[in-house]
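Here is the structure we will look at.
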Amino acid sequence: MSYPYRNNYGSRQNHHHGPRANNFIRAREVYVIDADGKPAGTMPTLDAISLAKRAGLDLVEVSPNANPPVCKIINFGKYRYEQAKRDKGVKKKTGASKLKEIGLKMSIAPNDYEIKMRHAEGFMWKGMKVKFTLMLRGRENLHKDLAEDLMKKVINDLIHVGVADQNPKVVGKSITLMLSPHPLHKRTRKFTHEDVEEIEEDDENDEANEAETETSSEHENK
């Protein structure tokens, strides 16, 4: 596997989002950890860069606030790649605190409705809040009572995994509903067995298909 940013001794790297490396290190001297992970002592930064270059690696500043700064001789591209993987893992673990949004339509087909329920259940099973939004179009605004009935159906169909924060709320030409998951020991499954990752992928595909369908309908109407 190849990694980006390797041996960039004079390249214009962007270090605003990561450690400094090679010629971007500002200190005149640094404490060096060699490629084998052993202390190489304090030396001028230019000498340390040359040492890294001879090894076909990079000099990376890992402790900039130390006196002198501590640098390691490593593959900077691989370092950035592994750091990105760690960050992604942290983001994945904290994803359960996110809010998920699901759109509904008054004329939603039974199969599409069940898919929405599956997505919502999967998200709440993982501890996420879910916000439903139902957009009212044209004459649908004259039948807000039917829209509220649909939202109440959502509440009843997901009662095994979550509870409504409040009654469905009418905001302009839309109705919103927020559901919060039950405590973990009170959640049960009715629609799903998949992981949220798979559900998210399905949700993105559904949204893309819906957008394509709406675009096609607009062209046909024209």
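Here's how to read the names in the structure tokens: chain A, B, ... by the order shown, residue numbers from 1 in each chain, ligand numbers from 1 in the order shown.
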Residues of region 66-148 of chain A in helix (DSSP H, G or I), written as a PyMOL selection string: chain A and resi 76-97+110-125+138-148
Would you save the residues from that selection as a short mmCIF file (atom, residue, chain, number, x, y, z; two decimals), in the first residue's frame, using C-alpha atoms?
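Final file, result.cif:
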```cif
data_model
loop_
_atom_site.label_atom_id
_atom_site.label_comp_id
_atom_site.auth_asym_id
_atom_site.auth_seq_id
_atom_site.Cartn_x
_atom_site.Cartn_y
_atom_site.Cartn_z
CA PHE A 76 5.07 10.56 7.42
CA GLY A 77 2.55 9.29 4.87
CA LYS A 78 1.95 6.12 6.87
CA TYR A 79 1.75 8.18 10.07
CA ARG A 80 -0.96 10.43 8.57
CA TYR A 81 -2.82 7.42 7.21
CA GLU A 82 -2.89 5.65 10.58
CA GLN A 83 -3.84 8.88 12.34
CA ALA A 84 -6.77 9.32 9.95
CA LYS A 85 -7.89 5.75 10.68
CA ARG A 86 -7.79 6.43 14.44
CA ASP A 87 -9.77 9.64 14.01
CA LYS A 88 -12.33 7.78 11.93
CA GLY A 89 -12.61 5.14 14.64
CA VAL A 90 -13.24 7.78 17.31
CA LYS A 91 -15.84 9.45 15.11
CA LYS A 92 -17.52 6.10 14.59
CA LYS A 93 -17.72 5.42 18.32
CA THR A 94 -19.18 8.85 19.08
CA GLY A 95 -21.63 8.62 16.19
CA ALA A 96 -24.31 7.29 18.55
CA SER A 97 -24.83 10.82 19.91
CA PRO A 110 -46.38 0.80 2.56
CA ASN A 111 -43.05 -0.70 1.46
CA ASP A 112 -41.28 2.67 1.60
CA TYR A 113 -42.82 3.35 5.00
CA GLU A 114 -41.47 0.06 6.35
CA ILE A 115 -38.00 0.94 5.04
CA LYS A 116 -38.17 4.26 6.92
CA MET A 117 -39.18 2.42 10.08
CA ARG A 118 -36.29 0.02 9.63
CA HIS A 119 -33.85 2.91 9.34
CA ALA A 120 -35.30 4.72 12.35
CA GLU A 121 -35.27 1.58 14.49
CA GLY A 122 -31.68 0.86 13.53
CA PHE A 123 -30.55 4.35 14.48
CA MET A 124 -32.36 4.36 17.82
CA TRP A 125 -31.13 0.86 18.55
CA GLY A 138 -50.19 21.79 -2.45
CA ARG A 139 -53.57 20.56 -1.28
CA GLU A 140 -51.94 18.40 1.37
CA ASN A 141 -51.85 21.55 3.50
CA LEU A 142 -55.64 21.27 3.76
CA HIS A 143 -55.31 17.85 5.40
CA LYS A 144 -52.86 18.42 8.23
CA ASP A 145 -54.97 16.13 10.38
CA LEU A 146 -54.01 13.20 8.11
CA ALA A 147 -50.35 14.19 8.37
CA GLU A 148 -50.62 14.24 12.16
#
```
- Query: Can you tell me, as a list in words, what residues are no more than 9 Å from Lys173 (chain A) when counting only C-alpha atoms, ignoring any on the same chain fewer than 4 positions away?
  - Reply: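 Contacts, in chain order: Leu134, Met135, Leu136, Arg137 and Asn141 of chain A.
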Residues from the last selection, C-alpha atoms, saved as a PDB file, in the first residue's frame:
```
ATOM      1  CA  LEU A 134     -43.141  15.440   6.682  1.00  0.00           C
ATOM      2  CA  MET A 135     -43.399  18.086   3.942  1.00  0.00           C
ATOM      3  CA  LEU A 136     -46.903  19.153   2.916  1.00  0.00           C
ATOM      4  CA  ARG A 137     -47.345  20.010  -0.737  1.00  0.00           C
ATOM      5  CA  ASN A 141     -51.853  21.554   3.503  1.00  0.00           C
TER       6      ASN A 141
END
```
Near-Pro64 (chain A) list (12 Å; only C-alpha atoms; drop same-chain fewer than 2 positions) as an MDAnalysis selection string
chainID A and resid 18:21 24:27 29:31 60:62 66:72
>> List as a PyMOL selection string the protein and nucleic acid residues near Ile74 (chain A), meaning an atom at most 8 Å away when only C-alpha atoms are counted, but skip any in the same chain fewer than 3 places from it.
In response: chain A and resi 34-35+52+57-60+79
Let me see the file: selected residues, N, CA and C atoms, as an mmCIF file, in the first residue's frame.
```
data_model
loop_
_atom_site.group_PDB
_atom_site.id
_atom_site.type_symbol
_atom_site.label_atom_id
_atom_site.label_comp_id
_atom_site.auth_asym_id
_atom_site.auth_seq_id
_atom_site.Cartn_x
_atom_site.Cartn_y
_atom_site.Cartn_z
ATOM 1 N N ASP A 34 15.106 7.702 16.603
ATOM 2 C CA ASP A 34 15.442 7.188 15.271
ATOM 3 C C ASP A 34 14.390 6.211 14.744
ATOM 4 N N ALA A 35 14.646 5.672 13.561
ATOM 5 C CA ALA A 35 13.683 4.801 12.885
ATOM 6 C C ALA A 35 13.414 3.510 13.643
ATOM 7 N N ALA A 52 17.090 11.563 8.536
ATOM 8 C CA ALA A 52 15.846 10.944 8.084
ATOM 9 C C ALA A 52 15.871 10.686 6.584
ATOM 10 N N LEU A 57 13.132 8.257 4.976
ATOM 11 C CA LEU A 57 11.947 8.533 5.796
ATOM 12 C C LEU A 57 11.806 10.036 6.038
ATOM 13 N N ASP A 58 10.958 10.398 7.001
ATOM 14 C CA ASP A 58 10.695 11.807 7.319
ATOM 15 C C ASP A 58 11.003 12.094 8.778
ATOM 16 N N LEU A 59 11.303 13.336 9.040
ATOM 17 C CA LEU A 59 11.452 13.795 10.415
ATOM 18 C C LEU A 59 10.139 14.449 10.812
ATOM 19 N N VAL A 60 9.454 13.884 11.796
ATOM 20 C CA VAL A 60 8.121 14.358 12.174
ATOM 21 C C VAL A 60 8.134 14.836 13.621
ATOM 22 N N TYR A 79 2.168 7.577 8.802
ATOM 23 C CA TYR A 79 1.747 8.179 10.069
ATOM 24 C C TYR A 79 0.412 8.894 9.908
#
```
- Task: Can you work out which one of A:Leu184, A:Met178, A:Leu150, A:Ile49 has the shortest atom-to-atom distance to Leu104 (chain A), counting only C-alpha atoms?
- Result: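 Between A:Leu184, A:Met178, A:Leu150, A:Ile49, the residue approaching Leu104 (chain A) most closely is A:Leu150.
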